[in-house]
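K.L.:
So I've got this file, query_33.txt, and it contains compact mmCIF, C-alpha atoms:
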```txt
# COMPACT_ATOMS: atom_id res chain seq x y z
CA MET A 1 8.84 173.21 103.85
CA ASN A 2 8.77 173.53 107.64
CA ILE A 3 7.37 171.35 110.41
CA ASN A 4 3.96 173.08 110.36
CA SER A 5 3.49 172.79 106.58
CA LEU A 6 4.75 169.20 106.73
CA ARG A 7 2.18 168.28 109.37
CA THR A 8 -0.62 170.00 107.43
CA ALA A 9 0.25 168.09 104.26
CA ALA A 10 0.44 164.80 106.17
CA ARG A 11 -2.95 165.36 107.84
CA GLU A 12 -4.58 165.88 104.44
CA LYS A 13 -3.00 162.78 102.90
CA PHE A 14 -3.79 160.52 105.87
CA ARG A 15 -7.52 161.31 105.52
CA GLY A 16 -8.21 160.37 109.12
CA ALA A 17 -5.89 157.35 109.40
CA CYS A 18 -3.70 159.60 111.53
CA ARG A 19 -5.03 162.90 112.81
CA VAL A 20 -1.53 164.32 113.27
CA CYS A 21 -2.56 165.50 116.74
CA PRO A 22 -0.68 168.36 118.43
CA ILE A 23 0.35 165.80 121.06
CA CYS A 24 0.74 162.27 119.69
CA ASN A 25 -0.30 160.26 122.76
CA GLY A 26 -2.62 157.54 121.44
CA VAL A 27 -5.80 158.95 123.01
CA ALA A 28 -7.70 160.07 119.89
CA CYS A 29 -6.79 156.91 117.93
CA ALA A 30 -7.25 154.32 120.70
CA GLY A 31 -8.41 150.99 119.29
CA GLU A 32 -7.81 152.01 115.67
CA VAL A 33 -6.02 148.92 114.40
CA PRO A 34 -5.84 148.77 111.39
CA GLY A 35 -4.86 152.41 111.51
CA MET A 36 -2.17 154.21 113.48
CA GLY A 37 -3.58 153.74 116.98
CA GLY A 38 -3.02 151.32 119.81
CA LEU A 39 -4.75 147.95 120.08
CA GLY A 40 -7.92 147.55 122.16
CA THR A 41 -8.06 150.18 124.89
CA GLY A 42 -4.94 151.79 123.44
CA SER A 43 -3.30 151.64 126.87
CA GLY A 44 -0.03 150.16 125.58
CA PHE A 45 0.44 153.17 123.30
CA CYS A 46 -0.54 155.58 126.09
CA HIS A 47 1.75 153.89 128.62
CA ASN A 48 4.72 154.50 126.32
CA ILE A 49 4.00 158.23 126.41
CA GLN A 50 3.27 158.30 130.14
CA ALA A 51 6.39 156.36 131.08
CA LEU A 52 8.63 158.82 129.25
CA ALA A 53 6.74 161.81 130.67
CA GLU A 54 7.41 160.54 134.17
CA CYS A 55 11.17 160.65 133.50
CA ARG A 56 12.28 164.17 134.31
CA LEU A 57 15.60 165.77 133.41
CA ASN A 58 17.91 167.62 135.81
CA LEU A 59 18.73 171.05 134.37
CA ARG A 60 22.44 171.73 134.85
CA THR A 61 24.38 174.59 133.28
CA VAL A 62 27.49 174.88 135.43
CA HIS A 63 29.79 172.43 133.64
CA SER A 64 32.41 172.16 130.92
CA VAL A 65 30.32 170.55 128.14
CA LYS A 66 30.37 172.99 125.20
CA ASN A 67 30.08 170.76 122.13
CA PRO A 68 28.21 167.51 122.82
CA ASP A 69 29.12 164.51 120.67
CA LEU A 70 25.92 163.06 119.18
CA SER A 71 27.62 160.56 116.89
CA CYS A 72 27.56 156.82 117.47
CA ARG A 73 28.50 153.54 115.85
CA ILE A 74 25.86 150.81 115.54
CA PHE A 75 26.34 147.52 113.63
CA GLY A 76 29.65 148.80 112.33
CA ILE A 77 28.17 151.92 110.74
CA ASP A 78 28.66 155.53 111.80
CA LEU A 79 25.51 157.54 112.53
CA ALA A 80 25.11 161.26 113.16
CA MET A 81 23.00 160.49 116.23
CA PRO A 82 21.58 157.40 117.97
CA VAL A 83 18.24 157.51 116.17
CA ILE A 84 17.09 154.86 113.66
CA GLY A 85 13.98 154.99 111.50
CA ALA A 86 11.56 152.26 112.62
CA ALA A 87 10.01 149.79 110.18
CA ILE A 88 6.36 150.35 109.26
CA GLY A 89 4.60 148.29 106.60
CA GLY A 90 1.02 147.86 105.42
CA ILE A 91 0.67 151.43 104.22
CA ALA A 92 -2.53 150.79 102.27
CA LEU A 93 -4.19 149.16 105.29
CA ASN A 94 -2.91 151.34 108.12
CA MET A 95 -2.54 154.72 106.41
CA ASN A 96 -5.48 154.76 103.99
CA GLY A 97 -2.97 154.46 101.14
CA ALA A 98 -1.63 157.96 101.90
CA VAL A 99 1.43 156.94 99.87
CA THR A 100 2.44 153.70 98.19
CA GLU A 101 4.62 151.07 99.85
CA GLU A 102 7.42 152.01 97.47
CA GLU A 103 7.12 155.72 98.19
CA TYR A 104 7.10 155.11 101.93
CA ALA A 105 10.13 152.81 101.92
CA ASP A 106 12.07 155.21 99.69
CA ALA A 107 11.19 158.15 101.94
CA ILE A 108 12.35 156.40 105.12
CA VAL A 109 15.55 154.90 103.72
CA THR A 110 16.66 157.95 101.72
CA GLY A 111 15.44 160.48 104.29
CA CYS A 112 17.28 158.81 107.14
CA ARG A 113 20.46 158.69 105.09
CA LYS A 114 20.15 162.39 104.23
CA ALA A 115 20.06 163.16 107.95
CA GLY A 116 23.08 160.96 108.69
CA GLY A 117 21.05 158.04 110.01
CA ILE A 118 19.68 154.73 108.83
CA GLY A 119 16.13 153.49 108.35
CA MET A 120 14.42 150.14 108.72
CA THR A 121 11.93 148.65 106.27
CA GLY A 122 9.00 146.34 106.93
CA ASP A 123 7.37 143.06 105.97
CA GLY A 124 3.80 141.82 105.59
CA PRO A 125 1.48 139.26 104.01
CA ASN A 126 1.85 140.91 100.62
CA PRO A 127 5.39 140.25 99.30
CA VAL A 128 5.46 143.78 97.90
CA VAL A 129 6.05 145.14 101.41
CA PHE A 130 9.34 143.34 101.93
CA ASP A 131 10.38 143.60 98.28
CA THR A 132 9.90 147.37 98.05
CA GLY A 133 11.81 147.83 101.28
CA LEU A 134 14.71 145.78 99.95
CA ALA A 135 14.59 147.71 96.67
CA ALA A 136 14.82 151.01 98.55
CA ILE A 137 17.82 149.69 100.48
CA SER A 138 19.51 148.50 97.29
CA LYS A 139 19.03 151.95 95.71
CA GLU A 140 20.90 153.43 98.66
CA GLN A 141 23.76 150.92 98.28
CA GLY A 142 22.64 148.79 101.22
CA TRP A 143 21.95 151.68 103.59
CA GLY A 144 18.97 150.23 105.44
CA ILE A 145 17.88 147.42 107.74
CA PRO A 146 15.03 145.08 106.70
CA ILE A 147 12.76 143.76 109.46
CA ILE A 148 11.12 140.35 108.92
CA LYS A 149 7.96 139.01 110.54
CA PRO A 150 8.48 135.96 112.84
CA ARG A 151 7.82 133.53 110.01
CA GLU A 152 8.91 129.89 109.90
CA THR A 153 12.63 129.82 110.61
CA ASP A 154 13.74 128.73 107.14
CA LYS A 155 11.74 131.57 105.58
CA VAL A 156 13.34 134.08 107.96
CA VAL A 157 16.75 132.76 106.93
CA GLU A 158 15.84 133.02 103.24
CA LEU A 159 14.77 136.66 103.56
CA ALA A 160 17.79 137.49 105.73
CA LYS A 161 20.08 136.15 103.03
CA ARG A 162 18.35 138.41 100.52
CA ALA A 163 19.00 141.30 102.90
CA ALA A 164 22.69 140.43 103.05
CA ASP A 165 22.84 140.20 99.25
CA ALA A 166 21.36 143.70 99.06
CA GLY A 167 24.22 144.98 101.21
CA ALA A 168 22.22 145.58 104.40
CA PRO A 169 24.45 145.89 107.49
CA ALA A 170 21.95 143.92 109.62
CA PHE A 171 18.46 142.41 109.58
CA GLY A 172 15.80 142.11 112.23
CA MET A 173 12.73 140.12 113.21
CA ASP A 174 9.80 141.79 114.95
CA ILE A 175 8.94 138.88 117.20
CA ASP A 176 6.17 140.98 118.77
CA ALA A 177 4.15 140.31 115.59
CA ALA A 178 3.83 136.65 116.66
CA ALA A 179 0.03 136.82 116.81
CA LEU A 180 -0.52 138.77 113.59
CA VAL A 181 -3.66 137.19 112.18
CA ASN A 182 -3.43 138.66 108.68
CA MET A 183 -0.09 136.88 108.14
CA THR A 184 -1.46 133.48 109.13
CA ASN A 185 -4.67 134.04 107.13
CA ALA A 186 -2.51 134.73 104.08
CA GLY A 187 -0.83 131.34 104.45
CA GLN A 188 2.34 132.79 105.96
CA PRO A 189 2.22 131.63 109.57
CA VAL A 190 4.00 133.57 112.29
CA GLY A 191 4.55 132.77 115.94
CA PRO A 192 6.84 132.91 118.96
CA LYS A 193 10.36 131.49 118.72
CA THR A 194 12.29 129.19 121.03
CA ILE A 195 15.90 129.86 121.97
CA GLN A 196 16.86 127.04 119.62
CA GLU A 197 14.98 128.63 116.71
CA LEU A 198 16.65 131.99 117.33
CA GLU A 199 20.01 130.22 117.47
CA TYR A 200 19.24 128.45 114.19
CA ILE A 201 18.49 131.78 112.49
CA LYS A 202 21.68 133.34 113.88
CA ASN A 203 23.82 130.38 112.81
CA HIS A 204 22.44 130.36 109.27
CA THR A 205 22.80 134.08 108.51
CA SER A 206 25.85 136.25 107.93
CA ILE A 207 24.92 139.74 109.13
CA PRO A 208 23.95 140.98 112.62
CA PHE A 209 20.58 139.70 113.85
CA ILE A 210 18.19 142.01 115.72
CA VAL A 211 15.15 140.77 117.64
CA LYS A 212 12.51 143.45 118.12
CA GLY A 213 9.71 143.17 120.65
CA ILE A 214 11.49 142.34 123.91
CA MET A 215 9.73 143.51 127.09
CA THR A 216 11.19 141.37 129.89
CA PRO A 217 14.71 140.66 131.20
CA ASP A 218 14.29 136.90 130.76
CA ASP A 219 13.40 137.28 127.07
CA ALA A 220 16.42 139.54 126.66
CA GLU A 221 18.67 136.95 128.30
CA SER A 222 17.19 134.24 126.07
CA CYS A 223 18.14 136.31 123.02
CA TRP A 224 21.67 136.67 124.37
CA GLN A 225 21.90 132.91 124.96
CA ALA A 226 20.85 132.36 121.34
CA GLY A 227 23.65 134.62 120.10
CA VAL A 228 21.38 137.45 118.94
CA ASP A 229 23.38 140.64 118.25
CA ALA A 230 20.80 143.21 119.32
CA ILE A 231 17.33 143.57 120.77
CA VAL A 232 14.71 146.27 120.51
CA VAL A 233 12.76 146.89 123.69
CA SER A 234 9.32 147.40 122.16
CA ASN A 235 5.63 146.68 122.65
CA HIS A 236 5.03 147.21 118.91
CA GLY A 237 3.80 150.74 119.56
CA GLY A 238 0.99 149.32 121.70
CA ARG A 239 -0.34 147.45 118.66
CA ALA A 240 0.43 143.82 119.59
CA LEU A 241 -0.91 143.25 123.11
CA ASP A 242 -3.20 145.51 125.13
CA HIS A 243 -2.33 146.61 128.68
CA THR A 244 1.46 146.38 128.36
CA PRO A 245 3.71 148.73 130.35
CA GLY A 246 5.57 151.53 128.64
CA THR A 247 8.98 150.68 127.22
CA ALA A 248 10.69 153.29 129.43
CA GLU A 249 9.32 151.42 132.47
CA VAL A 250 10.90 148.08 131.57
CA LEU A 251 14.07 149.33 129.83
CA PRO A 252 16.21 149.73 133.01
CA TYR A 253 15.49 146.13 134.08
CA ILE A 254 16.38 144.80 130.65
CA THR A 255 19.58 146.81 130.34
CA GLU A 256 20.62 145.66 133.80
CA ALA A 257 20.35 142.08 132.54
CA VAL A 258 22.14 142.37 129.16
CA LYS A 259 23.92 145.74 128.94
CA GLY A 260 27.37 145.21 127.46
CA LYS A 261 26.50 141.75 126.17
CA MET A 262 24.50 142.96 123.17
CA THR A 263 23.23 146.15 121.57
CA VAL A 264 20.04 147.42 123.23
CA LEU A 265 17.67 149.55 121.18
CA VAL A 266 14.27 150.87 122.24
CA ASP A 267 11.18 152.45 120.72
CA GLY A 268 7.82 153.63 122.00
CA GLY A 269 6.53 157.16 122.50
CA ILE A 270 9.72 158.99 121.54
CA ARG A 271 8.70 162.40 120.24
CA SER A 272 11.65 164.73 120.88
CA GLY A 273 15.39 164.94 121.37
CA ALA A 274 14.78 165.12 125.11
CA ASP A 275 12.94 161.78 124.89
CA VAL A 276 15.93 160.29 123.07
CA LEU A 277 18.23 161.45 125.88
CA LYS A 278 15.93 159.95 128.52
CA MET A 279 16.05 156.55 126.82
CA LEU A 280 19.84 156.72 126.62
CA ALA A 281 20.00 157.56 130.33
CA LEU A 282 17.83 154.50 131.02
CA GLY A 283 20.41 152.32 129.28
CA ALA A 284 19.60 152.18 125.56
CA ASP A 285 22.38 152.39 122.97
CA ALA A 286 20.05 153.99 120.42
CA VAL A 287 16.33 154.50 119.76
CA LEU A 288 13.88 153.77 116.96
CA LEU A 289 11.51 156.48 115.77
CA GLY A 290 8.21 155.38 114.18
CA ARG A 291 5.12 157.58 114.07
CA PRO A 292 6.98 160.93 113.84
CA LEU A 293 8.84 159.69 110.76
CA ALA A 294 5.60 158.34 109.29
CA ILE A 295 4.25 161.89 109.43
CA GLY A 296 7.46 163.13 107.82
CA ALA A 297 7.33 160.52 105.05
CA VAL A 298 3.66 161.11 104.22
CA GLY A 299 3.87 164.89 104.47
CA GLY A 300 7.14 165.47 102.69
CA GLY A 301 8.78 162.28 101.43
CA ALA A 302 12.51 161.86 102.03
CA ASP A 303 12.94 165.58 102.71
CA GLY A 304 10.16 165.39 105.29
CA VAL A 305 11.85 162.49 107.07
CA ALA A 306 15.17 164.38 107.09
CA LEU A 307 13.41 167.50 108.41
CA VAL A 308 11.94 165.60 111.37
CA LEU A 309 15.26 163.93 112.14
CA ASN A 310 17.18 167.21 112.00
CA LYS A 311 14.65 168.72 114.41
CA ILE A 312 15.23 165.79 116.79
CA LYS A 313 18.99 166.30 116.44
CA THR A 314 18.75 169.98 117.37
CA GLU A 315 16.62 169.11 120.39
CA LEU A 316 18.98 166.34 121.48
CA ASN A 317 21.96 168.68 121.27
CA ALA A 318 20.17 171.27 123.42
CA ALA A 319 19.11 168.63 125.97
CA MET A 320 22.70 167.41 126.26
CA LEU A 321 24.00 170.94 126.77
CA LEU A 322 21.40 171.63 129.45
CA THR A 323 22.11 168.41 131.37
CA GLY A 324 25.89 168.46 131.07
CA THR A 325 25.99 165.34 128.89
CA ALA A 326 29.16 165.18 126.81
CA GLN A 327 28.48 162.19 124.55
CA VAL A 328 25.62 159.88 123.66
CA SER A 329 27.76 156.80 124.29
CA ASP A 330 27.94 157.65 128.01
CA VAL A 331 24.73 159.16 129.33
CA PRO A 332 24.62 158.89 133.13
CA VAL A 333 21.34 157.95 134.77
CA GLU A 334 22.00 160.85 137.17
CA ILE A 335 20.73 163.31 134.55
CA LEU A 336 17.25 162.01 135.46
CA TRP A 337 15.45 163.45 138.50
```
Rewrite the structure of this file - the entire thing - as structure tokens.

P.N.:
Amino acid sequence: MNINSLRTAAREKFRGACRVCPICNGVACAGEVPGMGGLGTGSGFCHNIQALAECRLNLRTVHSVKNPDLSCRIFGIDLAMPVIGAAIGGIALNMNGAVTEEEYADAIVTGCRKAGGIGMTGDGPNPVVFDTGLAAISKEQGWGIPIIKPRETDKVVELAKRAADAGAPAFGMDIDAAALVNMTNAGQPVGPKTIQELEYIKNHTSIPFIVKGIMTPDDAESCWQAGVDAIVVSNHGGRALDHTPGTAEVLPYITEAVKGKMTVLVDGGIRSGADVLKMLALGADAVLLGRPLAIGAVGGGADGVALVLNKIKTELNAAMLLTGTAQVSDVPVEILW
């Protein structure tokens, strides 16, 4: 299996839910929600791509960096590189049932571990989404991070405790799913959270708490005030609110506000190792990878996920060599033009 055969297999299995375009930029799939596209005009998805494209790297080859250090430590675990598999649920709805929820969760969790990383699992109105994710994490001896919808606080706490019991090193809440209609229609209401509600969740759980879906410095500071351990700068892949800026646009402002106080992760439009390096230069501690790993999981299962991640790792290593970056824990903004 190689990248080309993987992409061909994924395209066939998706049956139009994802076209596996040569350039994954959200143009062909704009408005396809459910599906893999961006909401409404699709501009949020497109802005993620554009914002990263506008960050240019300075090519430098006269330096002493010979063997870049890609390893990092996040939530007390050692990773081969600062790349985490993003949580995606609702496979039947969004991917035309290209694989089952169980197959997808297993592919992400096991594939990420094979490549020296860690994957996140999702949640949804059908309990099978969260349950299969937790089962996949349990099979890998707790090597995975469950993400919970912004449910009522006691329910979030209940699911977080299940995550801790499964051995997960952390859990998250994708607060950017606060207006998800299918959750509320299924009798599982979701919504925004106050600082006090975030603090309640933190104080009633035992493992690090991640809040995903932060796009402004004030929201980031609110999470810090609540004691949250980490945030993910994210516009939900352009699938929550139309007309949002790209994550690379807002990331520097957010890291300026909370860098050093909490772990800052980011997703949105990351397609290569060079994109990973750009996000690190903008202040992120690590990135989340979503759609590229979805293609890997659908096209080749766990081996497909590992193949995509190893490609990213090779690209990141090359980008670090060609910018004079010695380690991912200290990427200077000066590598950007």

K.L.:
Extending 8 Å beyond the listed atoms of segment 111-116 of chain A on each side, what axis-aligned box results? I want centre and edge lengths in Å to one decimal, as lines of an AutoDock Vina configuration file.

P.N.:
```
center_x = 19.3
center_y = 160.9
center_z = 106.5
size_x = 23.6
size_y = 20.5
size_z = 20.5
```

K.L.:
From the list A:Met320, A:Ala240, A:Leu277, A:Leu307, which residue is nearest Ile108 of chain A when using only C-alpha atoms?

P.N.:
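Residue with the minimum atom-to-atom distance to Ile108 of chain A: A:Leu307.
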
K.L.:
If you count only C-alpha atoms, which residues fall within 8 Å of Gly90 of chain A, apart from same-chain ones fewer than 4 positions away, as a list in words?

P.N.:
Asn94, Met95, Glu101, Asp123, Gly124 and Val129 of chain A

K.L.:
Tell me, as a VMD selection string, which residues lie within 9 Å of Gly246 of chain A, counting all atoms listed in the file; anything in the same chain fewer than 4 positions away does not count.

P.N.:
chain A and resid 44 to 52 234 to 235 238 250 to 251 268 to 269

K.L.:
Just the number, please: distance in Å from atom CA of Asn67 of chain A to atom CA of Ala248 of chain A, one decimal.

P.N.:
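So the two atoms, atom CA of Asn67 of chain A and atom CA of Ala248 of chain A, lie 27.1 Å apart.
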
K.L.:
I need every residue sitting at most 10 Å from the point (6.8, 141.8, 102.5) (coordinates as in the file, all atoms listed in the file considered), written as a list in words.

P.N.:
Gly89, Gly90, Glu101, Thr121, Gly122, Asp123, Gly124, Pro125, Asn126, Pro127, Val128, Val129, Phe130, Asp131, Thr132, Gly133, Leu134, Pro146, Ile147, Ile148, Lys149 and Leu159 of chain A

K.L.:
What gap, in Å, lies between atom CA of Arg151 of chain A and atom CA of Ala163 of chain A?

P.N.:
15.4 Å

K.L.:
Smallest atom-to-atom distance to Ile295 of chain A: which of A:Val65, A:Val328, A:Val308, A:Ala92, using all atoms listed in the file?

P.N.:
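Among the listed residues, the smallest separation from Ile295 of chain A belongs to A:Val308.
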
K.L.:
Nearest to Ala220 of chain A among A:His236, A:Val258, A:Asp242, A:Gly300, with distances taken over all atoms listed in the file: which residue is it?

P.N.:
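Among the listed residues, the smallest separation from Ala220 of chain A belongs to A:Val258.
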
K.L.:
Return the single residue from A:Ile145, A:Ile312, A:Leu321, A:Met262 that is closest to Ile3 of chain A, with distances computed using all atoms listed in the file.

P.N.:
A:Ile312

K.L.:
Determine the nearest neighbour of Gly97 of chain A from the options A:Ala10, A:Ala230, A:Met1, A:Cys112, counting only C-alpha atoms.

P.N.:
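Residue with the minimum atom-to-atom distance to Gly97 of chain A: A:Ala10.
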
K.L.:
If you measure from atom CA of Val62 of chain A to atom CA of Pro82 of chain A, what distance in Å do you get, rounded to one decimal?

P.N.:
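Spanning atom CA of Val62 of chain A to atom CA of Pro82 of chain A is a straight-line distance of 25.4 Å.
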
K.L.:
Once N, CA, C and O atoms are restored for segment 249-261 of chain A, what would the output be as a CSV table (one decimal), in the coordinates of the input?

P.N.:
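Final output, saved to part07.csv:
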```
chain,number,residue,atom,x,y,z
A,249,GLU,N,9.5,152.1,131.2
A,249,GLU,CA,9.3,151.4,132.5
A,249,GLU,C,10.2,150.2,132.6
A,249,GLU,O,10.8,149.9,133.6
A,250,VAL,N,10.2,149.4,131.5
A,250,VAL,CA,10.9,148.1,131.6
A,250,VAL,C,12.4,148.2,131.1
A,250,VAL,O,13.2,147.3,131.5
A,251,LEU,N,12.7,149.2,130.4
A,251,LEU,CA,14.1,149.3,129.8
A,251,LEU,C,15.2,149.2,130.9
A,251,LEU,O,16.1,148.4,130.7
A,252,PRO,N,15.1,149.9,132.0
A,252,PRO,CA,16.2,149.7,133.0
A,252,PRO,C,16.4,148.3,133.5
A,252,PRO,O,17.6,147.9,133.7
A,253,TYR,N,15.4,147.5,133.6
A,253,TYR,CA,15.5,146.1,134.1
A,253,TYR,C,16.2,145.3,133.0
A,253,TYR,O,16.9,144.4,133.3
A,254,ILE,N,15.8,145.6,131.8
A,254,ILE,CA,16.4,144.8,130.6
A,254,ILE,C,17.9,145.1,130.4
A,254,ILE,O,18.7,144.3,130.3
A,255,THR,N,18.2,146.4,130.5
A,255,THR,CA,19.6,146.8,130.3
A,255,THR,C,20.4,146.3,131.5
A,255,THR,O,21.6,145.9,131.3
A,256,GLU,N,19.9,146.2,132.7
A,256,GLU,CA,20.6,145.7,133.8
A,256,GLU,C,21.0,144.2,133.5
A,256,GLU,O,22.1,143.7,133.9
A,257,ALA,N,20.1,143.5,132.8
A,257,ALA,CA,20.4,142.1,132.5
A,257,ALA,C,21.3,141.8,131.4
A,257,ALA,O,22.1,140.9,131.5
A,258,VAL,N,21.3,142.7,130.4
A,258,VAL,CA,22.1,142.4,129.2
A,258,VAL,C,23.0,143.5,128.7
A,258,VAL,O,23.7,143.4,127.6
A,259,LYS,N,23.1,144.6,129.4
A,259,LYS,CA,23.9,145.7,128.9
A,259,LYS,C,25.4,145.3,128.8
A,259,LYS,O,25.9,144.6,129.7
A,260,GLY,N,26.0,145.6,127.7
A,260,GLY,CA,27.4,145.2,127.5
A,260,GLY,C,27.5,143.9,126.8
A,260,GLY,O,28.6,143.6,126.2
A,261,LYS,N,26.5,143.1,126.8
A,261,LYS,CA,26.5,141.8,126.2
A,261,LYS,C,26.0,141.8,124.7
A,261,LYS,O,26.4,141.0,123.9
```
